[in-house]
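J.: One structure coming up, written as structure tokens, with questions to follow.
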Amino acid sequence: MTIEMELIKGLKAGELSVVYQPKVGCQDGMVHFEALVRWHSAALGNVSPETFIKIAETSLLIEDITGFVFDRVCRDMMEQPELFAGRRVAVNVSPVLFRQDYIKQLLQVLATYGLRPEQFEFEITEHTLMQEPLLGIQTVDYLKTKGFRVLIDDFGVSYSSLNYLKMFEIDGIKIDRSFISQLDKDNGLKEYEIVKLIVSLAKKLNLEVTAEGVETEAQYRVMEQLGCDEIQGYFFSRPLPLNDLQQALDALV
Ligand code: G
Ligand code: G
Ligand code: NA
Ligand code: MN
């Protein structure tokens, strides 16, 4: 059976799940989350989203997966109001979102659960936004009109990253972890200068900056000292199942 067939079957059989990774505010200590999908296949074992999201994106299957993730997150938020109080959840999106009627469906799901768009952010990669730039602009504007926050994910690794800052009315950027991972290395001076510039530019443009993939205290200190707003990475916490989140939050403070 192809991976795609297994995925369709696995989605129906409840093999997909969602984990949450804390994003910790440098100034206020406020913790928000990123939701990340996981697939434990009976036939294939654990399959990385890197692999199966790519496959899903070649068909309408990605709509079902995004729908699953969004619905799961909404249900978790509704069932654990105390855990999620005052915390946003970021959901990763593929080009699927570039359809207004799909966004309308998401809004209906939200309303069903009694949640508000302000409780969510969407993380969109530069690459995804540029597949159809005009549609990308419209989509970002539409999401913003509805009250969602929008972040550019993996910032800095695509062609003409600076162009995105000009074109899209976003709320923030997440600096790609390929820069962050070099910050405490002897040969990481270039990365340091690049990250410094990105943070400074983002501040001038009133964008929130998240550093992703922060794994060490040294990386954390550099980013904090540069004025980064939010830190995400194994240094604070790995992505965790819902049931382990409260304990992780307690350990953070
Ligand atoms: O969590 P992990 O590092 O394994 O994720 C690998 C890749 O899969 C990342 O690029 C991440 O953005 C993507 N990914 C994880 N969860 C989702 C999801 O729910 N939807 C989409 N579209 N991508 C996801
Ligand atoms: O592309 P996106 O930013 O959505 O990818 C998030 C991915 O990064 C997730 O798969 C998550 O598991 C992974 N991740 C999160 N924190 C770290 C980290 O500190 N180090 C590494 N190597 N990966 C991380
Ligand atoms: Na992301
Ligand atoms: Mn990323």
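How things are named: the first chain in the structure tokens is A, the next is B, and so on; residues count from 1 in each chain; ligands count from 1 in the order shown.
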Using only C-alpha atoms and all ligand atoms, find each protein or nucleic acid residue lying at most 7 Å from ligand 1; present the set as a compact mmCIF listing (two decimals) with C-alpha atoms, in the first residue's frame.

T.:
# COMPACT_ATOMS: atom_id res chain seq x y z
CA ALA A 35 0.47 22.57 17.68
CA LEU A 36 2.32 19.90 15.71
CA VAL A 37 0.80 16.82 14.12
CA ARG A 38 2.12 13.31 14.76
CA SER A 48 7.63 12.27 10.34
CA PRO A 49 5.28 15.10 9.34
CA GLU A 50 8.10 16.24 7.09
CA ILE A 53 2.60 16.47 5.07
CA THR A 66 -5.42 20.47 8.62
CA VAL A 69 -5.43 19.30 13.63
CA VAL A 91 -1.34 25.99 13.82
CA ASN A 92 0.83 25.28 10.80
CA VAL A 93 -0.88 25.75 7.49
CA SER A 94 -0.28 24.63 3.96

J.: Got a sec: who's within 12 Å of Met77 in chain A, counting only C-alpha atoms, leaving out chain neighbours fewer than 6 positions off, as a list in words?

T.: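 Contacts, in chain order: Tyr20, Phe33, Ala35, Phe70, Asp71, Leu83, Phe84, Ala85, Gly86, Arg87, Arg88, Val89, Leu110, Tyr113, Gly114, Leu115, Arg116, Gln119, Phe120 and Leu242 of chain A.
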
J.: Produce a file of the selected residues containing N, CA and C atoms, as a JSON list (two decimals), in the first residue's frame.

T.:
[["chain", "number", "residue", "atom", "x", "y", "z"],
["A", 20, "TYR", "N", 1.98, 19.64, 21.59],
["A", 20, "TYR", "CA", 2.10, 21.09, 21.77],
["A", 20, "TYR", "C", 3.49, 21.44, 22.27],
["A", 33, "PHE", "N", 1.54, 28.28, 22.65],
["A", 33, "PHE", "CA", 1.89, 26.95, 22.15],
["A", 33, "PHE", "C", 1.90, 26.90, 20.62],
["A", 35, "ALA", "N", 1.01, 23.92, 17.86],
["A", 35, "ALA", "CA", 0.47, 22.57, 17.68],
["A", 35, "ALA", "C", 1.20, 21.90, 16.53],
["A", 70, "PHE", "N", -6.88, 21.22, 13.43],
["A", 70, "PHE", "CA", -7.61, 22.38, 13.92],
["A", 70, "PHE", "C", -8.73, 21.94, 14.88],
["A", 71, "ASP", "N", -9.44, 20.90, 14.49],
["A", 71, "ASP", "CA", -10.53, 20.40, 15.32],
["A", 71, "ASP", "C", -10.01, 19.85, 16.65],
["A", 83, "LEU", "N", -5.90, 25.41, 31.34],
["A", 83, "LEU", "CA", -4.58, 25.23, 30.72],
["A", 83, "LEU", "C", -4.34, 26.26, 29.61],
["A", 84, "PHE", "N", -5.39, 26.54, 28.83],
["A", 84, "PHE", "CA", -5.23, 27.40, 27.66],
["A", 84, "PHE", "C", -5.63, 28.85, 27.91],
["A", 85, "ALA", "N", -6.03, 29.18, 29.12],
["A", 85, "ALA", "CA", -6.49, 30.55, 29.39],
["A", 85, "ALA", "C", -5.38, 31.55, 29.08],
["A", 86, "GLY", "N", -5.70, 32.54, 28.25],
["A", 86, "GLY", "CA", -4.73, 33.58, 27.92],
["A", 86, "GLY", "C", -3.59, 33.10, 27.04],
["A", 87, "ARG", "N", -3.69, 31.88, 26.54],
["A", 87, "ARG", "CA", -2.62, 31.35, 25.69],
["A", 87, "ARG", "C", -3.13, 31.14, 24.27],
["A", 88, "ARG", "N", -2.31, 31.55, 23.32],
["A", 88, "ARG", "CA", -2.65, 31.29, 21.91],
["A", 88, "ARG", "C", -2.09, 29.94, 21.49],
["A", 89, "VAL", "N", -2.73, 29.34, 20.49],
["A", 89, "VAL", "CA", -2.18, 28.14, 19.88],
["A", 89, "VAL", "C", -1.91, 28.43, 18.41],
["A", 110, "LEU", "N", -14.70, 27.00, 15.04],
["A", 110, "LEU", "CA", -14.43, 27.83, 16.22],
["A", 110, "LEU", "C", -15.71, 28.18, 16.96],
["A", 113, "TYR", "N", -17.21, 25.54, 19.04],
["A", 113, "TYR", "CA", -16.53, 25.27, 20.31],
["A", 113, "TYR", "C", -16.53, 26.49, 21.24],
["A", 114, "GLY", "N", -17.10, 27.59, 20.77],
["A", 114, "GLY", "CA", -17.14, 28.79, 21.60],
["A", 114, "GLY", "C", -15.77, 29.44, 21.76],
["A", 115, "LEU", "N", -14.93, 29.33, 20.72],
["A", 115, "LEU", "CA", -13.60, 29.94, 20.77],
["A", 115, "LEU", "C", -13.56, 31.15, 19.85],
["A", 116, "ARG", "N", -12.50, 31.97, 20.04],
["A", 116, "ARG", "CA", -12.36, 33.19, 19.22],
["A", 116, "ARG", "C", -11.08, 33.13, 18.37],
["A", 119, "GLN", "N", -7.52, 33.64, 19.71],
["A", 119, "GLN", "CA", -6.81, 32.59, 20.47],
["A", 119, "GLN", "C", -5.89, 31.77, 19.58],
["A", 120, "PHE", "N", -5.85, 32.12, 18.28],
["A", 120, "PHE", "CA", -5.07, 31.32, 17.34],
["A", 120, "PHE", "C", -4.07, 32.14, 16.55],
["A", 242, "LEU", "N", -0.90, 16.60, 25.20],
["A", 242, "LEU", "CA", -1.73, 17.47, 26.04],
["A", 242, "LEU", "C", -1.59, 17.14, 27.53]]

J.: So that each row is one residue of chain A with an atom at most 6 Å from ligand 4, can you give its shortest atom pair and the distance in Å to one decimal, using only C-alpha atoms and all ligand atoms, rows by chain and rising number, as JSON lines?

T.:
{"residue": "A:Asp153", "atom": "CA", "partner": "ligand 4", "partner_atom_place_in_ligand_line": "1 (Mn)", "distance": 4.6}
{"residue": "A:Asp154", "atom": "CA", "partner": "ligand 4", "partner_atom_place_in_ligand_line": "1 (Mn)", "distance": 4.0}
{"residue": "A:Asp176", "atom": "CA", "partner": "ligand 4", "partner_atom_place_in_ligand_line": "1 (Mn)", "distance": 5.8}

J.: With distances taken over only C-alpha atoms, which residue among A:Gly25, A:Val96, A:Gln225, A:Glu118 lies nearest Gln131 in chain A?

T.: A:Val96

J.: I'd like the contact shell of Met223 in chain A - 10 Å cut-off, only C-alpha atoms, skipping same-chain residues fewer than 3 positions apart - returned as a ChimeraX atom specification.

T.: /A:26,180,183,192,195-196,199,209-211,214,217-220,226-231
